[in-house]
file query_29.cif (mmCIF, N, CA and C atoms, pLDDT in the B column; chains and numbers go by the auth columns)
data_my_file
#
loop_
_atom_site.group_PDB
_atom_site.id
_atom_site.type_symbol
_atom_site.label_atom_id
_atom_site.label_comp_id
_atom_site.label_asym_id
_atom_site.label_seq_id
_atom_site.Cartn_x
_atom_site.Cartn_y
_atom_site.Cartn_z
_atom_site.B_iso_or_equiv
_atom_site.auth_seq_id
_atom_site.auth_asym_id
ATOM 1 N N MET A 1 0.847 -1.173 0.000 89.00 1 A
ATOM 2 C CA MET A 1 0.000 0.000 0.000 89.00 1 A
ATOM 3 C C MET A 1 0.894 1.238 0.000 89.00 1 A
ATOM 4 N N PRO A 2 0.608 2.189 -0.877 95.00 2 A
ATOM 5 C CA PRO A 2 1.409 3.416 -0.899 95.00 2 A
ATOM 6 C C PRO A 2 1.350 4.129 0.457 95.00 2 A
ATOM 7 N N ASP A 3 2.460 4.735 0.839 96.00 3 A
ATOM 8 C CA ASP A 3 2.545 5.411 2.133 96.00 3 A
ATOM 9 C C ASP A 3 1.478 6.489 2.304 96.00 3 A
ATOM 10 N N VAL A 4 1.236 7.244 1.251 97.00 4 A
ATOM 11 C CA VAL A 4 0.247 8.328 1.330 97.00 4 A
ATOM 12 C C VAL A 4 -1.145 7.757 1.614 97.00 4 A
ATOM 13 N N LEU A 5 -1.506 6.689 0.938 95.00 5 A
ATOM 14 C CA LEU A 5 -2.802 6.055 1.167 95.00 5 A
ATOM 15 C C LEU A 5 -2.876 5.471 2.573 95.00 5 A
ATOM 16 N N HIS A 6 -1.792 4.856 3.010 95.00 6 A
ATOM 17 C CA HIS A 6 -1.748 4.283 4.353 95.00 6 A
ATOM 18 C C HIS A 6 -1.977 5.367 5.406 95.00 6 A
ATOM 19 N N GLU A 7 -1.359 6.508 5.232 96.00 7 A
ATOM 20 C CA GLU A 7 -1.520 7.603 6.187 96.00 7 A
ATOM 21 C C GLU A 7 -2.950 8.144 6.170 96.00 7 A
ATOM 22 N N ARG A 8 -3.519 8.280 4.997 96.00 8 A
ATOM 23 C CA ARG A 8 -4.909 8.743 4.901 96.00 8 A
ATOM 24 C C ARG A 8 -5.838 7.775 5.609 96.00 8 A
ATOM 25 N N LEU A 9 -5.620 6.501 5.390 94.00 9 A
ATOM 26 C CA LEU A 9 -6.429 5.476 6.034 94.00 9 A
ATOM 27 C C LEU A 9 -6.248 5.510 7.547 94.00 9 A
ATOM 28 N N ARG A 10 -5.018 5.680 7.997 95.00 10 A
ATOM 29 C CA ARG A 10 -4.745 5.746 9.435 95.00 10 A
ATOM 30 C C ARG A 10 -5.481 6.919 10.068 95.00 10 A
ATOM 31 N N GLN A 11 -5.426 8.076 9.415 96.00 11 A
ATOM 32 C CA GLN A 11 -6.131 9.261 9.912 96.00 11 A
ATOM 33 C C GLN A 11 -7.641 9.035 9.934 96.00 11 A
ATOM 34 N N HIS A 12 -8.150 8.430 8.897 95.00 12 A
ATOM 35 C CA HIS A 12 -9.587 8.143 8.813 95.00 12 A
ATOM 36 C C HIS A 12 -10.003 7.223 9.963 95.00 12 A
ATOM 37 N N ALA A 13 -9.241 6.186 10.198 96.00 13 A
ATOM 38 C CA ALA A 13 -9.552 5.240 11.271 96.00 13 A
ATOM 39 C C ALA A 13 -9.490 5.932 12.632 96.00 13 A
ATOM 40 N N LEU A 14 -8.491 6.792 12.827 97.00 14 A
ATOM 41 C CA LEU A 14 -8.383 7.527 14.092 97.00 14 A
ATOM 42 C C LEU A 14 -9.605 8.407 14.333 97.00 14 A
ATOM 43 N N GLU A 15 -10.024 9.126 13.304 96.00 15 A
ATOM 44 C CA GLU A 15 -11.174 10.011 13.438 96.00 15 A
ATOM 45 C C GLU A 15 -12.463 9.233 13.700 96.00 15 A
ATOM 46 N N ARG A 16 -12.561 8.041 13.152 95.00 16 A
ATOM 47 C CA ARG A 16 -13.756 7.211 13.355 95.00 16 A
ATOM 48 C C ARG A 16 -13.627 6.338 14.596 95.00 16 A
ATOM 49 N N ASN A 17 -12.468 6.407 15.246 97.00 17 A
ATOM 50 C CA ASN A 17 -12.210 5.600 16.438 97.00 17 A
ATOM 51 C C ASN A 17 -12.414 4.107 16.159 97.00 17 A
ATOM 52 N N CYS A 18 -11.793 3.640 15.089 97.00 18 A
ATOM 53 C CA CYS A 18 -11.889 2.224 14.744 97.00 18 A
ATOM 54 C C CYS A 18 -10.532 1.741 14.237 97.00 18 A
ATOM 55 N N THR A 19 -10.442 0.460 13.995 97.00 19 A
ATOM 56 C CA THR A 19 -9.191 -0.090 13.469 97.00 19 A
ATOM 57 C C THR A 19 -9.074 0.234 11.987 97.00 19 A
ATOM 58 N N MET A 20 -7.863 0.144 11.488 96.00 20 A
ATOM 59 C CA MET A 20 -7.664 0.355 10.053 96.00 20 A
ATOM 60 C C MET A 20 -8.395 -0.712 9.259 96.00 20 A
ATOM 61 N N SER A 21 -8.412 -1.937 9.762 96.00 21 A
ATOM 62 C CA SER A 21 -9.132 -3.023 9.077 96.00 21 A
ATOM 63 C C SER A 21 -10.616 -2.706 8.955 96.00 21 A
ATOM 64 N N ALA A 22 -11.198 -2.209 10.043 97.00 22 A
ATOM 65 C CA ALA A 22 -12.620 -1.861 10.019 97.00 22 A
ATOM 66 C C ALA A 22 -12.883 -0.726 9.037 97.00 22 A
ATOM 67 N N ALA A 23 -11.971 0.249 8.998 95.00 23 A
ATOM 68 C CA ALA A 23 -12.123 1.368 8.067 95.00 23 A
ATOM 69 C C ALA A 23 -12.048 0.885 6.624 95.00 23 A
ATOM 70 N N VAL A 24 -11.131 -0.024 6.340 95.00 24 A
ATOM 71 C CA VAL A 24 -11.003 -0.573 4.986 95.00 24 A
ATOM 72 C C VAL A 24 -12.255 -1.352 4.608 95.00 24 A
ATOM 73 N N LEU A 25 -12.720 -2.201 5.500 96.00 25 A
ATOM 74 C CA LEU A 25 -13.922 -2.990 5.204 96.00 25 A
ATOM 75 C C LEU A 25 -15.134 -2.090 4.982 96.00 25 A
ATOM 76 N N ASP A 26 -15.256 -1.046 5.786 95.00 26 A
ATOM 77 C CA ASP A 26 -16.357 -0.106 5.613 95.00 26 A
ATOM 78 C C ASP A 26 -16.264 0.598 4.264 95.00 26 A
ATOM 79 N N ALA A 27 -15.076 1.024 3.877 94.00 27 A
ATOM 80 C CA ALA A 27 -14.886 1.705 2.594 94.00 27 A
ATOM 81 C C ALA A 27 -15.221 0.776 1.427 94.00 27 A
ATOM 82 N N ILE A 28 -14.812 -0.467 1.519 96.00 28 A
ATOM 83 C CA ILE A 28 -15.118 -1.435 0.465 96.00 28 A
ATOM 84 C C ILE A 28 -16.619 -1.658 0.380 96.00 28 A
ATOM 85 N N GLU A 29 -17.266 -1.807 1.530 97.00 29 A
ATOM 86 C CA GLU A 29 -18.716 -2.021 1.557 97.00 29 A
ATOM 87 C C GLU A 29 -19.460 -0.844 0.929 97.00 29 A
ATOM 88 N N ARG A 30 -19.049 0.386 1.286 96.00 30 A
ATOM 89 C CA ARG A 30 -19.701 1.569 0.703 96.00 30 A
ATOM 90 C C ARG A 30 -19.492 1.637 -0.801 96.00 30 A
ATOM 91 N N GLU A 31 -18.286 1.328 -1.256 97.00 31 A
ATOM 92 C CA GLU A 31 -18.011 1.376 -2.697 97.00 31 A
ATOM 93 C C GLU A 31 -18.829 0.328 -3.440 97.00 31 A
ATOM 94 N N LEU A 32 -18.922 -0.866 -2.876 98.00 32 A
ATOM 95 C CA LEU A 32 -19.728 -1.913 -3.515 98.00 32 A
ATOM 96 C C LEU A 32 -21.208 -1.528 -3.535 98.00 32 A
ATOM 97 N N ALA A 33 -21.700 -0.908 -2.480 98.00 33 A
ATOM 98 C CA ALA A 33 -23.096 -0.459 -2.443 98.00 33 A
ATOM 99 C C ALA A 33 -23.336 0.596 -3.518 98.00 33 A
ATOM 100 N N ARG A 34 -22.377 1.529 -3.696 97.00 34 A
ATOM 101 C CA ARG A 34 -22.505 2.541 -4.760 97.00 34 A
ATOM 102 C C ARG A 34 -22.526 1.882 -6.132 97.00 34 A
ATOM 103 N N TRP A 35 -21.658 0.909 -6.320 97.00 35 A
ATOM 104 C CA TRP A 35 -21.585 0.206 -7.603 97.00 35 A
ATOM 105 C C TRP A 35 -22.903 -0.521 -7.887 97.00 35 A
ATOM 106 N N GLU A 36 -23.440 -1.198 -6.872 97.00 36 A
ATOM 107 C CA GLU A 36 -24.705 -1.910 -7.053 97.00 36 A
ATOM 108 C C GLU A 36 -25.845 -0.938 -7.339 97.00 36 A
ATOM 109 N N TRP A 37 -25.873 0.191 -6.646 97.00 37 A
ATOM 110 C CA TRP A 37 -26.916 1.187 -6.873 97.00 37 A
ATOM 111 C C TRP A 37 -26.800 1.757 -8.288 97.00 37 A
ATOM 112 N N SER A 38 -25.584 2.004 -8.724 96.00 38 A
ATOM 113 C CA SER A 38 -25.367 2.511 -10.076 96.00 38 A
ATOM 114 C C SER A 38 -25.872 1.523 -11.123 96.00 38 A
ATOM 115 N N LYS A 39 -25.586 0.245 -10.902 96.00 39 A
ATOM 116 C CA LYS A 39 -26.088 -0.785 -11.826 96.00 39 A
ATOM 117 C C LYS A 39 -27.611 -0.813 -11.813 96.00 39 A
ATOM 118 N N HIS A 40 -28.203 -0.701 -10.649 95.00 40 A
ATOM 119 C CA HIS A 40 -29.661 -0.706 -10.528 95.00 40 A
ATOM 120 C C HIS A 40 -30.257 0.496 -11.259 95.00 40 A
ATOM 121 N N LEU A 41 -29.675 1.670 -11.070 92.00 41 A
ATOM 122 C CA LEU A 41 -30.178 2.862 -11.729 92.00 41 A
ATOM 123 C C LEU A 41 -30.094 2.745 -13.249 92.00 41 A
ATOM 124 N N ALA A 42 -29.053 2.102 -13.739 92.00 42 A
ATOM 125 C CA ALA A 42 -28.868 1.957 -15.184 92.00 42 A
ATOM 126 C C ALA A 42 -29.970 1.114 -15.816 92.00 42 A
ATOM 127 N N THR A 43 -30.641 0.290 -15.030 94.00 43 A
ATOM 128 C CA THR A 43 -31.701 -0.562 -15.589 94.00 43 A
ATOM 129 C C THR A 43 -33.057 0.133 -15.607 94.00 43 A
ATOM 130 N N ARG A 44 -33.152 1.272 -14.936 93.00 44 A
ATOM 131 C CA ARG A 44 -34.439 1.975 -14.874 93.00 44 A
ATOM 132 C C ARG A 44 -34.676 2.736 -16.176 93.00 44 A
ATOM 133 N N PRO A 45 -35.927 2.799 -16.602 91.00 45 A
ATOM 134 C CA PRO A 45 -36.222 3.530 -17.841 91.00 45 A
ATOM 135 C C PRO A 45 -36.021 5.033 -17.645 91.00 45 A
ATOM 136 N N THR A 46 -35.681 5.710 -18.714 87.00 46 A
ATOM 137 C CA THR A 46 -35.520 7.157 -18.649 87.00 46 A
ATOM 138 C C THR A 46 -36.899 7.807 -18.716 87.00 46 A
ATOM 139 N N THR A 47 -36.973 9.032 -18.253 86.00 47 A
ATOM 140 C CA THR A 47 -38.225 9.782 -18.264 86.00 47 A
ATOM 141 C C THR A 47 -38.027 11.024 -19.111 86.00 47 A
ATOM 142 N N ASP A 48 -38.913 11.225 -20.067 86.00 48 A
ATOM 143 C CA ASP A 48 -38.852 12.412 -20.911 86.00 48 A
ATOM 144 C C ASP A 48 -39.724 13.485 -20.281 86.00 48 A
ATOM 145 N N LEU A 49 -39.101 14.544 -19.795 81.00 49 A
ATOM 146 C CA LEU A 49 -39.830 15.627 -19.157 81.00 49 A
ATOM 147 C C LEU A 49 -40.373 16.627 -20.170 81.00 49 A
ATOM 148 N N GLY A 50 -39.990 16.465 -21.425 87.00 50 A
ATOM 149 C CA GLY A 50 -40.433 17.381 -22.453 87.00 50 A
ATOM 150 C C GLY A 50 -39.674 18.702 -22.442 87.00 50 A
ATOM 151 N N ILE A 51 -38.658 18.783 -21.600 88.00 51 A
ATOM 152 C CA ILE A 51 -37.848 19.992 -21.478 88.00 51 A
ATOM 153 C C ILE A 51 -36.478 19.559 -20.959 88.00 51 A
ATOM 154 N N ASP A 52 -35.419 20.236 -21.409 90.00 52 A
ATOM 155 C CA ASP A 52 -34.102 19.844 -20.912 90.00 52 A
ATOM 156 C C ASP A 52 -33.955 20.309 -19.464 90.00 52 A
ATOM 157 N N VAL A 53 -33.146 19.613 -18.730 89.00 53 A
ATOM 158 C CA VAL A 53 -33.010 19.837 -17.286 89.00 53 A
ATOM 159 C C VAL A 53 -32.565 21.260 -16.975 89.00 53 A
ATOM 160 N N ALA A 54 -31.622 21.804 -17.734 93.00 54 A
ATOM 161 C CA ALA A 54 -31.133 23.163 -17.471 93.00 54 A
ATOM 162 C C ALA A 54 -32.274 24.170 -17.594 93.00 54 A
ATOM 163 N N SER A 55 -33.127 24.005 -18.593 92.00 55 A
ATOM 164 C CA SER A 55 -34.271 24.912 -18.762 92.00 55 A
ATOM 165 C C SER A 55 -35.264 24.753 -17.625 92.00 55 A
ATOM 166 N N LEU A 56 -35.482 23.531 -17.203 90.00 56 A
ATOM 167 C CA LEU A 56 -36.404 23.265 -16.106 90.00 56 A
ATOM 168 C C LEU A 56 -35.908 23.911 -14.812 90.00 56 A
ATOM 169 N N ILE A 57 -34.623 23.785 -14.543 93.00 57 A
ATOM 170 C CA ILE A 57 -34.049 24.400 -13.339 93.00 57 A
ATOM 171 C C ILE A 57 -34.180 25.913 -13.414 93.00 57 A
ATOM 172 N N ALA A 58 -33.887 26.496 -14.571 94.00 58 A
ATOM 173 C CA ALA A 58 -34.003 27.945 -14.736 94.00 58 A
ATOM 174 C C ALA A 58 -35.444 28.391 -14.521 94.00 58 A
ATOM 175 N N GLU A 59 -36.382 27.610 -15.000 91.00 59 A
ATOM 176 C CA GLU A 59 -37.804 27.934 -14.842 91.00 59 A
ATOM 177 C C GLU A 59 -38.216 27.888 -13.363 91.00 59 A
ATOM 178 N N VAL A 60 -37.776 26.877 -12.669 92.00 60 A
ATOM 179 C CA VAL A 60 -38.110 26.742 -11.247 92.00 60 A
ATOM 180 C C VAL A 60 -37.480 27.882 -10.448 92.00 60 A
ATOM 181 N N ARG A 61 -36.232 28.203 -10.744 94.00 61 A
ATOM 182 C CA ARG A 61 -35.560 29.290 -10.027 94.00 61 A
ATOM 183 C C ARG A 61 -36.261 30.636 -10.283 94.00 61 A
ATOM 184 N N ALA A 62 -36.644 30.855 -11.518 94.00 62 A
ATOM 185 C CA ALA A 62 -37.328 32.112 -11.851 94.00 62 A
ATOM 186 C C ALA A 62 -38.661 32.192 -11.109 94.00 62 A
ATOM 187 N N SER A 63 -39.364 31.089 -11.051 92.00 63 A
ATOM 188 C CA SER A 63 -40.643 31.041 -10.341 92.00 63 A
ATOM 189 C C SER A 63 -40.431 31.302 -8.853 92.00 63 A
ATOM 190 N N ARG A 64 -39.410 30.656 -8.274 91.00 64 A
ATOM 191 C CA ARG A 64 -39.101 30.848 -6.856 91.00 64 A
ATOM 192 C C ARG A 64 -38.708 32.294 -6.567 91.00 64 A
ATOM 193 N N ASP A 65 -37.881 32.864 -7.437 88.00 65 A
ATOM 194 C CA ASP A 65 -37.432 34.239 -7.247 88.00 65 A
ATOM 195 C C ASP A 65 -38.620 35.208 -7.335 88.00 65 A
ATOM 196 N N ALA A 66 -39.564 34.939 -8.228 88.00 66 A
ATOM 197 C CA ALA A 66 -40.737 35.787 -8.371 88.00 66 A
ATOM 198 C C ALA A 66 -41.597 35.729 -7.108 88.00 66 A
ATOM 199 N N GLU A 67 -41.672 34.568 -6.470 84.00 67 A
ATOM 200 C CA GLU A 67 -42.440 34.410 -5.240 84.00 67 A
ATOM 201 C C GLU A 67 -41.790 35.157 -4.082 84.00 67 A
ATOM 202 N N LEU A 68 -40.466 35.262 -4.088 82.00 68 A
ATOM 203 C CA LEU A 68 -39.751 35.924 -3.010 82.00 68 A
ATOM 204 C C LEU A 68 -39.816 37.442 -3.082 82.00 68 A
ATOM 205 N N GLU A 69 -40.172 37.962 -4.247 78.00 69 A
ATOM 206 C CA GLU A 69 -40.192 39.422 -4.418 78.00 69 A
ATOM 207 C C GLU A 69 -41.430 40.029 -3.846 78.00 69 A
#
call {"tool": "encode", "arguments": {"input": "query_29.cif", "output": "structure tokens"}}
result
Amino acid sequence: MPDVLHERLRQHALERNCTMSAAVLDAIERELARWEWSKHLATRPTTDLGIDVASLIAEVRASRDAELE
């Protein structure tokens, strides 16, 4: 293991008050959960909102700003 990574892991374990082994296992578990969630999301159908996301966000912000005035 590279020294820099080892030190980062050591600091992480210290802050979490756990062993380095526990910190590594937790990190692996979280990464695998992210990977599984990403795979799950990829199987979901897309939704056509009829408008691109940037335009939709701009519309919502403009509406919100108008309400605040």
call {"tool": "atom_distance", "arguments": {"input": "query_29.cif", "atom1": "atom CA of A:His40", "atom2": "atom C of A:Ala27"}}
result
18.8 Å
call {"tool": "atom_distance", "arguments": {"input": "query_29.cif", "atom1": "atom N of A:His6", "atom2": "atom CA of A:Ile28"}}
result
15.0 Å
call {"tool": "residues_around", "arguments": {"input": "query_29.cif", "residues": "A:Met20", "least_positions_apart": "3", "cutoff": "6.5 Å", "atoms": "all atoms listed in the file", "output": "ChimeraX atom specification"}}
result
/A:9-10,13,23-25
call {"tool": "atom_distance", "arguments": {"input": "query_29.cif", "atom1": "atom N of A:Val60", "atom2": "atom C of A:Arg44"}}
result
24.6 Å
call {"tool": "axis_aligned_box", "arguments": {"input": "query_29.cif", "around": "stretch 50-69 of chain A", "padding_each_side": "3 Å", "output": "AutoDock Vina command-line options"}}
result
--center_x -36.8 --center_y 28.2 --center_z -12.7 --size_x 17.3 --size_y 29.6 --size_z 25.4
call {"tool": "build_atoms", "arguments": {"input": "query_29.cif", "residues": "stretch 57-68 of chain A", "atoms": "all heavy atoms", "output": "PDB file, in the frame of the given file"}}
result
ATOM      1  N   ILE A  57     -34.623  23.785 -14.543  1.00 93.00           N
ATOM      2  CA  ILE A  57     -34.049  24.400 -13.339  1.00 93.00           C
ATOM      3  C   ILE A  57     -34.180  25.913 -13.414  1.00 93.00           C
ATOM      4  O   ILE A  57     -34.567  26.567 -12.435  1.00 93.00           O
ATOM      5  CB  ILE A  57     -32.576  23.973 -13.154  1.00 93.00           C
ATOM      6  CG1 ILE A  57     -32.520  22.487 -12.775  1.00 93.00           C
ATOM      7  CG2 ILE A  57     -31.887  24.832 -12.094  1.00 93.00           C
ATOM      8  CD1 ILE A  57     -31.123  21.905 -12.768  1.00 93.00           C
ATOM      9  N   ALA A  58     -33.887  26.496 -14.571  1.00 94.00           N
ATOM     10  CA  ALA A  58     -34.003  27.945 -14.736  1.00 94.00           C
ATOM     11  C   ALA A  58     -35.444  28.391 -14.521  1.00 94.00           C
ATOM     12  O   ALA A  58     -35.698  29.416 -13.874  1.00 94.00           O
ATOM     13  CB  ALA A  58     -33.519  28.359 -16.122  1.00 94.00           C
ATOM     14  N   GLU A  59     -36.382  27.610 -15.000  1.00 91.00           N
ATOM     15  CA  GLU A  59     -37.804  27.934 -14.842  1.00 91.00           C
ATOM     16  C   GLU A  59     -38.216  27.888 -13.363  1.00 91.00           C
ATOM     17  O   GLU A  59     -38.909  28.786 -12.874  1.00 91.00           O
ATOM     18  CB  GLU A  59     -38.632  26.933 -15.654  1.00 91.00           C
ATOM     19  CG  GLU A  59     -40.110  27.219 -15.696  1.00 91.00           C
ATOM     20  CD  GLU A  59     -40.835  26.190 -16.547  1.00 91.00           C
ATOM     21  OE1 GLU A  59     -40.451  26.000 -17.719  1.00 91.00           O
ATOM     22  OE2 GLU A  59     -41.781  25.576 -16.015  1.00 91.00           O
ATOM     23  N   VAL A  60     -37.776  26.877 -12.669  1.00 92.00           N
ATOM     24  CA  VAL A  60     -38.110  26.742 -11.247  1.00 92.00           C
ATOM     25  C   VAL A  60     -37.480  27.882 -10.448  1.00 92.00           C
ATOM     26  O   VAL A  60     -38.119  28.468  -9.570  1.00 92.00           O
ATOM     27  CB  VAL A  60     -37.667  25.362 -10.705  1.00 92.00           C
ATOM     28  CG1 VAL A  60     -37.752  25.311  -9.194  1.00 92.00           C
ATOM     29  CG2 VAL A  60     -38.499  24.262 -11.328  1.00 92.00           C
ATOM     30  N   ARG A  61     -36.232  28.203 -10.744  1.00 94.00           N
ATOM     31  CA  ARG A  61     -35.560  29.290 -10.027  1.00 94.00           C
ATOM     32  C   ARG A  61     -36.261  30.636 -10.283  1.00 94.00           C
ATOM     33  O   ARG A  61     -36.432  31.435  -9.361  1.00 94.00           O
ATOM     34  CB  ARG A  61     -34.100  29.371 -10.439  1.00 94.00           C
ATOM     35  CG  ARG A  61     -33.255  28.293  -9.831  1.00 94.00           C
ATOM     36  CD  ARG A  61     -31.816  28.388 -10.263  1.00 94.00           C
ATOM     37  NE  ARG A  61     -31.012  27.359  -9.612  1.00 94.00           N
ATOM     38  CZ  ARG A  61     -29.834  26.970 -10.038  1.00 94.00           C
ATOM     39  NH1 ARG A  61     -29.284  27.527 -11.107  1.00 94.00           N
ATOM     40  NH2 ARG A  61     -29.180  26.021  -9.394  1.00 94.00           N
ATOM     41  N   ALA A  62     -36.644  30.855 -11.518  1.00 94.00           N
ATOM     42  CA  ALA A  62     -37.328  32.112 -11.851  1.00 94.00           C
ATOM     43  C   ALA A  62     -38.661  32.192 -11.109  1.00 94.00           C
ATOM     44  O   ALA A  62     -39.032  33.253 -10.583  1.00 94.00           O
ATOM     45  CB  ALA A  62     -37.538  32.207 -13.357  1.00 94.00           C
ATOM     46  N   SER A  63     -39.364  31.089 -11.051  1.00 92.00           N
ATOM     47  CA  SER A  63     -40.643  31.041 -10.341  1.00 92.00           C
ATOM     48  C   SER A  63     -40.431  31.302  -8.853  1.00 92.00           C
ATOM     49  O   SER A  63     -41.178  32.058  -8.222  1.00 92.00           O
ATOM     50  CB  SER A  63     -41.303  29.679 -10.563  1.00 92.00           C
ATOM     51  OG  SER A  63     -42.470  29.565  -9.793  1.00 92.00           O
ATOM     52  N   ARG A  64     -39.410  30.656  -8.274  1.00 91.00           N
ATOM     53  CA  ARG A  64     -39.101  30.848  -6.856  1.00 91.00           C
ATOM     54  C   ARG A  64     -38.708  32.294  -6.567  1.00 91.00           C
ATOM     55  O   ARG A  64     -39.172  32.901  -5.596  1.00 91.00           O
ATOM     56  CB  ARG A  64     -37.962  29.908  -6.455  1.00 91.00           C
ATOM     57  CG  ARG A  64     -37.596  30.034  -4.986  1.00 91.00           C
ATOM     58  CD  ARG A  64     -36.266  29.408  -4.674  1.00 91.00           C
ATOM     59  NE  ARG A  64     -35.236  30.138  -5.418  1.00 91.00           N
ATOM     60  CZ  ARG A  64     -34.049  29.640  -5.739  1.00 91.00           C
ATOM     61  NH1 ARG A  64     -33.727  28.425  -5.398  1.00 91.00           N
ATOM     62  NH2 ARG A  64     -33.178  30.367  -6.397  1.00 91.00           N
ATOM     63  N   ASP A  65     -37.881  32.864  -7.437  1.00 88.00           N
ATOM     64  CA  ASP A  65     -37.432  34.239  -7.247  1.00 88.00           C
ATOM     65  C   ASP A  65     -38.620  35.208  -7.335  1.00 88.00           C
ATOM     66  O   ASP A  65     -38.682  36.181  -6.585  1.00 88.00           O
ATOM     67  CB  ASP A  65     -36.363  34.614  -8.269  1.00 88.00           C
ATOM     68  CG  ASP A  65     -35.051  33.864  -8.024  1.00 88.00           C
ATOM     69  OD1 ASP A  65     -34.895  33.291  -6.926  1.00 88.00           O
ATOM     70  OD2 ASP A  65     -34.193  33.842  -8.937  1.00 88.00           O
ATOM     71  N   ALA A  66     -39.564  34.939  -8.228  1.00 88.00           N
ATOM     72  CA  ALA A  66     -40.737  35.787  -8.371  1.00 88.00           C
ATOM     73  C   ALA A  66     -41.597  35.729  -7.108  1.00 88.00           C
ATOM     74  O   ALA A  66     -42.164  36.743  -6.685  1.00 88.00           O
ATOM     75  CB  ALA A  66     -41.559  35.362  -9.592  1.00 88.00           C
ATOM     76  N   GLU A  67     -41.672  34.568  -6.470  1.00 84.00           N
ATOM     77  CA  GLU A  67     -42.440  34.410  -5.240  1.00 84.00           C
ATOM     78  C   GLU A  67     -41.790  35.157  -4.082  1.00 84.00           C
ATOM     79  O   GLU A  67     -42.476  35.619  -3.175  1.00 84.00           O
ATOM     80  CB  GLU A  67     -42.586  32.930  -4.879  1.00 84.00           C
ATOM     81  CG  GLU A  67     -43.500  32.161  -5.785  1.00 84.00           C
ATOM     82  CD  GLU A  67     -43.549  30.673  -5.434  1.00 84.00           C
ATOM     83  OE1 GLU A  67     -42.973  30.270  -4.409  1.00 84.00           O
ATOM     84  OE2 GLU A  67     -44.175  29.926  -6.198  1.00 84.00           O
ATOM     85  N   LEU A  68     -40.466  35.262  -4.088  1.00 82.00           N
ATOM     86  CA  LEU A  68     -39.751  35.924  -3.010  1.00 82.00           C
ATOM     87  C   LEU A  68     -39.816  37.442  -3.082  1.00 82.00           C
ATOM     88  O   LEU A  68     -39.537  38.139  -2.113  1.00 82.00           O
ATOM     89  CB  LEU A  68     -38.286  35.463  -2.987  1.00 82.00           C
ATOM     90  CG  LEU A  68     -38.046  33.988  -2.662  1.00 82.00           C
ATOM     91  CD1 LEU A  68     -36.558  33.649  -2.809  1.00 82.00           C
ATOM     92  CD2 LEU A  68     -38.531  33.665  -1.260  1.00 82.00           C
TER      93      LEU A  68
END
